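Below is one structure; the comments refer to it alone.
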Amino acid sequence: MTYLGKPKFHHPSIAVNALGFTHRDYEGSMSTLCAGCGHDAISAAIIHACFELSLPPHRVAKLSGIGCSSKTPTYMLGQSHGFNSVHGRMPSVLTGASLANRDLRYLGVSGDGDTASIGLGQFAHAMRRGVDMVYIVENNGVYGLTKGQFSATSDRGSKSKKGVENPDSPIDLTALAVQLGATFVARGFSGDKDQLVPLVKAAFEHRGAAFIDVLSPCVTFNDHEGSTKSYTFTREHYLPAIEADFVPPAQEISVDYPQGEALPVELHDGSRVVLRKLGASYDPTDRSAAYGFIEQKLRQTEYVTGLIHIDEDVSHEFHTLNKTSSVPLNRIPYEKLSPGSAALEKLLGRYR
Ligand SMILES: Cc1ncc(C[n+]2csc(CCOP(=O)(O)OP(=O)(O)O)c2C)c(N)n1
Ligand code: SF4
Ligand SMILES: [Mg+2]
């Protein structure tokens with residue numbers, strides 16, 4: 001269907017954001033995914049979040065690997081920079097781009113196969129280095145693009161479309177991200193846009209590695225009885241650990257919660273994530289408690305959703321840690337970027 005262009009006209013009273021852009025300005029090409037695929041709902045949530053944040057589209061770079069999920073950046077943010085890399089290699093390509101120009105906001109889109117199998121090492125190092133990015137995994141528990149093989153996030157005992165049982169234990173990417181040092185870890189569900197949009201907005205405002213695992217049923221290969229990533233199973237085993245609202249900096253903070261039942265966390269730009277506690281004493285700022293909570297709920301086959309962990313200390317962020325250039329490399333004069341053979345000789349001398 002990509003040959004059918006979307007009409008450019010729109011209603012004169014259509015909503016515009018602070019930059020004067022409409023929702024349409026954040027859309028991309030028409031999706032070629034299967035009708036009902038969870039990934040399309042995630043694209044819609046990302047588009048919505050970017051529109052509401054009034055992100056200048058040309059200041060966003062979207063990168064992905066390979067898979068149905070990794071195709072989705074084509075269907076969003078059509079006026080942003082884009083790079084569809086190699087299977088599992090999005091994190092290193094994104095890290096390189098970010099080193100060259102830290103002024104852009106970076107969005108990495110991946111799949112459970114792309115991240116938890118071939119790209120597991122890349123994922124681990126991007127998280128532990130605090131690469132400043134929004135990393136979204138569209139998690140359907142299968143390799144959708146290559147016709148439904150189990151992925152490393154498939155639960156033990158879950159069944160394939162042909163009835164074969166998965167013998168292997170799963171990787172929980174949120175637990176792994178917390179353990180690796182990511183400073184923003186959340187889980188959403190493609191079927192719950194009300195929860196997902198604030199999470200994506202808060203992730204874009206966070207500085208450092210912001211990871212969101214989004215359960216996203218594959219209607220073609222993993223939406224049957226016996227699957228633990230189907231729409232039905234996910235809805236039945238869905239546990240919001242905490243409810244999160246995103247409050248932009250310009251907006252007066254006046255949240256209607258009883259004292260002691262919500263925790264406003266200030267982000268670097270003055271915006272806030274307001275966390276409403278649903279559980280008895282869940283505190284997402286406590287890394288080890290967050291890890292323990294995910295583990296405990298996994299044993300009960302419950303998917304913890306919402307904001308699982310947040311740490312606003314920017315000293316863990318990649319650019320702060322590595323004192324990277326605040327000026328994009330393409331704006332630094334050539335003589336400064338390449339100071340010549342004498343300077344190279346001097347540098348090499350230090351290693352002799
Ligand atoms: C180096 C390499 N190995 C294997 C493949 C084949 N391949 C393409 S997509 C994919 C898995 C995609 O699964 P996932 O990341 O979960 O995305 P989904 O399609 O489920 O959204 C595989 C194994 C490839 N393209 N490149
Ligand atoms: S095969 Fe599955 S993951 Fe791929 S587009 Fe179809 S429903 Fe989505
Ligand atoms: Mg997948």
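By convention in this document, the chains of the structure tokens carry letters A, B, ... by their order, each chain's residues are numbered from 1, and ligands are numbered from 1 in the order they are shown.
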Residues within 6 Å of ligand 3, counting only C-alpha atoms and all ligand atoms, as a PyMOL selection string
chain A and resi 111-113+139-144
Write out as a PyMOL selection string each polymer residue whose atoms come within 7 Å of range 83-94 of chain A, counting only C-alpha atoms; drop sequence neighbours fewer than 6 positions from it.
chain A and resi 62-66+108+114-115+118-119+122-123+126
Leaving out range 197-205 of chain A and any residue of its chain fewer than 2 positions from it, which residues lie within 8 Å of it when counting only C-alpha atoms, given as a short mmCIF file (atom, residue, chain, number, x, y, z; two decimals) with N, CA, C and O atoms, in the first residue's frame?
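Okay, result37.cif is ready:
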```
data_model
loop_
_atom_site.label_atom_id
_atom_site.label_comp_id
_atom_site.auth_asym_id
_atom_site.auth_seq_id
_atom_site.Cartn_x
_atom_site.Cartn_y
_atom_site.Cartn_z
N ALA A 45 1.44 5.75 19.21
CA ALA A 45 1.73 6.35 20.53
C ALA A 45 2.98 7.25 20.44
O ALA A 45 3.02 8.32 21.04
N ILE A 46 3.98 6.82 19.67
CA ILE A 46 5.21 7.63 19.53
C ILE A 46 4.87 8.94 18.80
O ILE A 46 5.31 10.03 19.19
N HIS A 48 2.01 10.46 18.67
CA HIS A 48 1.22 11.27 19.59
C HIS A 48 2.13 11.96 20.62
O HIS A 48 1.98 13.15 20.89
N ALA A 49 3.07 11.20 21.17
CA ALA A 49 3.97 11.76 22.19
C ALA A 49 4.82 12.88 21.59
O ALA A 49 4.98 13.95 22.20
N CYS A 50 5.37 12.67 20.40
CA CYS A 50 6.24 13.68 19.78
C CYS A 50 5.45 14.93 19.43
O CYS A 50 5.94 16.06 19.58
N LEU A 53 4.78 16.76 22.70
CA LEU A 53 6.02 17.37 23.24
C LEU A 53 6.50 18.52 22.37
O LEU A 53 7.44 19.22 22.74
N ARG A 105 17.67 14.45 19.34
CA ARG A 105 17.07 13.48 20.25
C ARG A 105 17.07 12.14 19.52
O ARG A 105 16.61 12.06 18.37
N MET A 133 19.32 8.14 24.92
CA MET A 133 18.41 7.70 23.86
C MET A 133 17.11 7.19 24.45
O MET A 133 17.04 6.84 25.63
N VAL A 134 16.08 7.15 23.61
CA VAL A 134 14.85 6.43 23.97
C VAL A 134 14.94 5.11 23.22
O VAL A 134 14.99 5.10 21.98
N PHE A 184 16.20 4.86 33.24
CA PHE A 184 14.74 4.99 33.05
C PHE A 184 14.29 3.67 32.45
O PHE A 184 14.70 3.32 31.33
N ALA A 186 10.86 1.22 31.77
CA ALA A 186 9.39 1.14 31.85
C ALA A 186 8.90 0.00 30.98
O ALA A 186 9.63 -0.51 30.12
N GLY A 188 5.25 -1.03 28.78
CA GLY A 188 3.90 -0.68 28.35
C GLY A 188 3.29 -1.82 27.55
O GLY A 188 3.90 -2.89 27.39
N LYS A 193 -2.81 2.80 25.15
CA LYS A 193 -2.18 4.05 24.70
C LYS A 193 -2.16 5.09 25.83
O LYS A 193 -1.22 5.89 25.92
N ASP A 194 -3.17 5.06 26.70
CA ASP A 194 -3.23 6.05 27.79
C ASP A 194 -2.00 5.94 28.69
O ASP A 194 -1.52 6.92 29.24
N GLN A 195 -1.53 4.72 28.88
CA GLN A 195 -0.34 4.54 29.71
C GLN A 195 0.94 4.78 28.90
O GLN A 195 1.91 5.34 29.40
N ARG A 207 17.40 12.31 30.47
CA ARG A 207 18.77 12.32 29.94
C ARG A 207 19.48 11.05 30.37
O ARG A 207 19.61 10.80 31.57
N ALA A 210 17.08 5.56 28.34
CA ALA A 210 15.67 5.37 28.71
C ALA A 210 15.13 4.19 27.91
O ALA A 210 15.08 4.23 26.68
N PHE A 211 14.77 3.14 28.63
CA PHE A 211 14.35 1.90 27.95
C PHE A 211 12.87 1.62 28.21
O PHE A 211 12.42 1.67 29.35
N ILE A 212 12.14 1.33 27.14
CA ILE A 212 10.73 0.92 27.30
C ILE A 212 10.50 -0.39 26.54
O ILE A 212 10.72 -0.47 25.33
N ALA A 244 1.84 6.57 35.69
CA ALA A 244 2.70 7.75 35.46
C ALA A 244 2.00 8.76 34.57
O ALA A 244 1.44 8.43 33.54
N ASP A 245 2.03 10.03 35.01
CA ASP A 245 1.56 11.14 34.19
C ASP A 245 2.77 11.97 33.84
O ASP A 245 3.66 12.15 34.66
N PHE A 246 2.78 12.54 32.63
CA PHE A 246 3.88 13.42 32.27
C PHE A 246 3.38 14.86 32.33
O PHE A 246 2.33 15.19 31.77
N LEU A 267 12.33 16.14 35.94
CA LEU A 267 13.29 15.80 34.90
C LEU A 267 14.18 17.01 34.64
O LEU A 267 13.89 18.11 35.10
N HIS A 268 15.25 16.81 33.85
CA HIS A 268 16.28 17.84 33.70
C HIS A 268 15.74 19.18 33.21
O HIS A 268 16.28 20.22 33.52
N ASP A 269 14.68 19.16 32.39
CA ASP A 269 14.19 20.39 31.77
C ASP A 269 13.08 21.05 32.59
O ASP A 269 12.44 21.99 32.13
N SER A 271 10.32 19.56 33.47
CA SER A 271 9.07 18.80 33.36
C SER A 271 9.08 17.73 34.46
O SER A 271 10.10 17.51 35.11
N ARG A 272 7.95 17.10 34.66
CA ARG A 272 7.88 16.12 35.75
C ARG A 272 7.15 14.87 35.33
O ARG A 272 6.26 14.94 34.48
N VAL A 273 7.54 13.78 35.94
CA VAL A 273 6.74 12.57 35.84
C VAL A 273 6.09 12.44 37.20
O VAL A 273 6.77 12.46 38.22
N GLY A 306 4.21 0.19 33.46
CA GLY A 306 4.36 1.53 33.99
C GLY A 306 5.85 1.86 34.15
O GLY A 306 6.71 1.17 33.59
N LEU A 307 6.13 2.89 34.92
CA LEU A 307 7.52 3.28 35.14
C LEU A 307 8.10 2.42 36.25
O LEU A 307 7.69 2.52 37.40
#
```
To check your reading of the model: which residues sit at most 10 Å from ligand 2 when counting only C-alpha atoms and all ligand atoms? Write the answer as a ChimeraX atom specification.
/A:31-40,67-72,111,138-148,216-223
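Interatomic distance, CA of Tyr106 in chain A against CA of His316 in chain A: 17.1 Å.
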So, counting only C-alpha atoms and all ligand atoms, which residue among A:Val164, A:Val214, A:Met127, A:Leu19 is closest to ligand 1?
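Closest residue, counting only C-alpha atoms and all ligand atoms: A:Val214.
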Computed interatomic separation between CA of Tyr238 in chain A and atom 23 (C, counted along the ligand's line) of ligand 1 (Å):
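Taking CA of Tyr238 in chain A and atom 23 (C, counted along the ligand's line) of ligand 1, their separation equals 27.9 Å.
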Can you check which residues of range 49-273 of chain A DSSP gives as strand (DSSP E or B) on the backbone and send them as number ranges by chain?
A: 60-64, 76, 81-84, 105-111, 133-139, 142-143, 149-150, 159, 165, 184-189, 209-215, 238-240, 242-247, 262-266, 272-273
Emit the selected residues as a PDB file, in the first residue's frame, including C-alpha atoms.
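Contents of selection32.pdb, freshly written:
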```pdb
ATOM      1  CA  VAL A  60      14.947  13.772  15.996  1.00  0.00           C
ATOM      2  CA  ALA A  61      16.958  10.826  14.655  1.00  0.00           C
ATOM      3  CA  LYS A  62      15.228   7.429  14.532  1.00  0.00           C
ATOM      4  CA  LEU A  63      17.313   4.298  14.146  1.00  0.00           C
ATOM      5  CA  SER A  64      16.427   0.629  14.035  1.00  0.00           C
ATOM      6  CA  MET A  76       6.371   7.635  11.880  1.00  0.00           C
ATOM      7  CA  HIS A  81      16.479  11.682  10.256  1.00  0.00           C
ATOM      8  CA  GLY A  82      16.345   7.902   9.857  1.00  0.00           C
ATOM      9  CA  PHE A  83      18.743   4.968   9.640  1.00  0.00           C
ATOM     10  CA  ASN A  84      17.697   1.351   9.228  1.00  0.00           C
ATOM     11  CA  ARG A 105      17.065  13.479  20.253  1.00  0.00           C
ATOM     12  CA  TYR A 106      17.709   9.817  19.514  1.00  0.00           C
ATOM     13  CA  LEU A 107      14.996   7.181  19.190  1.00  0.00           C
ATOM     14  CA  GLY A 108      16.057   3.539  18.820  1.00  0.00           C
ATOM     15  CA  VAL A 109      13.340   1.100  17.762  1.00  0.00           C
ATOM     16  CA  SER A 110      13.983  -2.611  18.009  1.00  0.00           C
ATOM     17  CA  GLY A 111      12.312  -6.002  18.402  1.00  0.00           C
ATOM     18  CA  MET A 133      18.411   7.699  23.864  1.00  0.00           C
ATOM     19  CA  VAL A 134      14.852   6.431  23.972  1.00  0.00           C
ATOM     20  CA  TYR A 135      15.189   2.683  23.340  1.00  0.00           C
ATOM     21  CA  ILE A 136      11.878   0.990  22.528  1.00  0.00           C
ATOM     22  CA  VAL A 137      11.536  -2.769  22.111  1.00  0.00           C
ATOM     23  CA  GLU A 138       8.322  -3.856  20.415  1.00  0.00           C
ATOM     24  CA  ASN A 139       8.107  -7.197  22.186  1.00  0.00           C
ATOM     25  CA  VAL A 142       8.521 -14.141  18.259  1.00  0.00           C
ATOM     26  CA  TYR A 143      10.586 -13.377  15.183  1.00  0.00           C
ATOM     27  CA  GLN A 149      10.105 -18.658  15.575  1.00  0.00           C
ATOM     28  CA  PHE A 150      10.322 -18.305  19.394  1.00  0.00           C
ATOM     29  CA  LYS A 159       3.131 -22.497  22.570  1.00  0.00           C
ATOM     30  CA  GLU A 165       6.170 -25.765  23.445  1.00  0.00           C
ATOM     31  CA  PHE A 184      14.742   4.993  33.047  1.00  0.00           C
ATOM     32  CA  VAL A 185      13.051   1.625  32.680  1.00  0.00           C
ATOM     33  CA  ALA A 186       9.393   1.139  31.847  1.00  0.00           C
ATOM     34  CA  ARG A 187       7.017  -1.375  30.348  1.00  0.00           C
ATOM     35  CA  GLY A 188       3.896  -0.684  28.350  1.00  0.00           C
ATOM     36  CA  PHE A 189       1.372  -2.556  26.273  1.00  0.00           C
ATOM     37  CA  ALA A 209      19.478   5.481  28.673  1.00  0.00           C
ATOM     38  CA  ALA A 210      15.666   5.372  28.708  1.00  0.00           C
ATOM     39  CA  PHE A 211      14.352   1.903  27.955  1.00  0.00           C
ATOM     40  CA  ILE A 212      10.732   0.924  27.301  1.00  0.00           C
ATOM     41  CA  ASP A 213       9.707  -2.685  26.711  1.00  0.00           C
ATOM     42  CA  VAL A 214       6.319  -2.623  24.980  1.00  0.00           C
ATOM     43  CA  LEU A 215       4.326  -5.851  24.851  1.00  0.00           C
ATOM     44  CA  TYR A 238      -1.276  -6.964  33.301  1.00  0.00           C
ATOM     45  CA  LEU A 239      -0.055  -5.334  36.509  1.00  0.00           C
ATOM     46  CA  PRO A 240       0.450  -1.561  36.546  1.00  0.00           C
ATOM     47  CA  ILE A 242       2.679   2.533  39.190  1.00  0.00           C
ATOM     48  CA  GLU A 243       0.680   4.996  37.140  1.00  0.00           C
ATOM     49  CA  ALA A 244       2.696   7.745  35.459  1.00  0.00           C
ATOM     50  CA  ASP A 245       1.559  11.137  34.185  1.00  0.00           C
ATOM     51  CA  PHE A 246       3.878  13.424  32.266  1.00  0.00           C
ATOM     52  CA  VAL A 247       3.681  17.130  33.163  1.00  0.00           C
ATOM     53  CA  ALA A 262       2.157  10.204  44.589  1.00  0.00           C
ATOM     54  CA  LEU A 263       5.754  11.013  43.859  1.00  0.00           C
ATOM     55  CA  PRO A 264       6.562  13.842  41.410  1.00  0.00           C
ATOM     56  CA  VAL A 265      10.008  13.259  39.854  1.00  0.00           C
ATOM     57  CA  GLU A 266      11.548  16.323  38.243  1.00  0.00           C
ATOM     58  CA  ARG A 272       7.883  16.122  35.749  1.00  0.00           C
ATOM     59  CA  VAL A 273       6.740  12.570  35.836  1.00  0.00           C
TER      60      VAL A 273
END
```
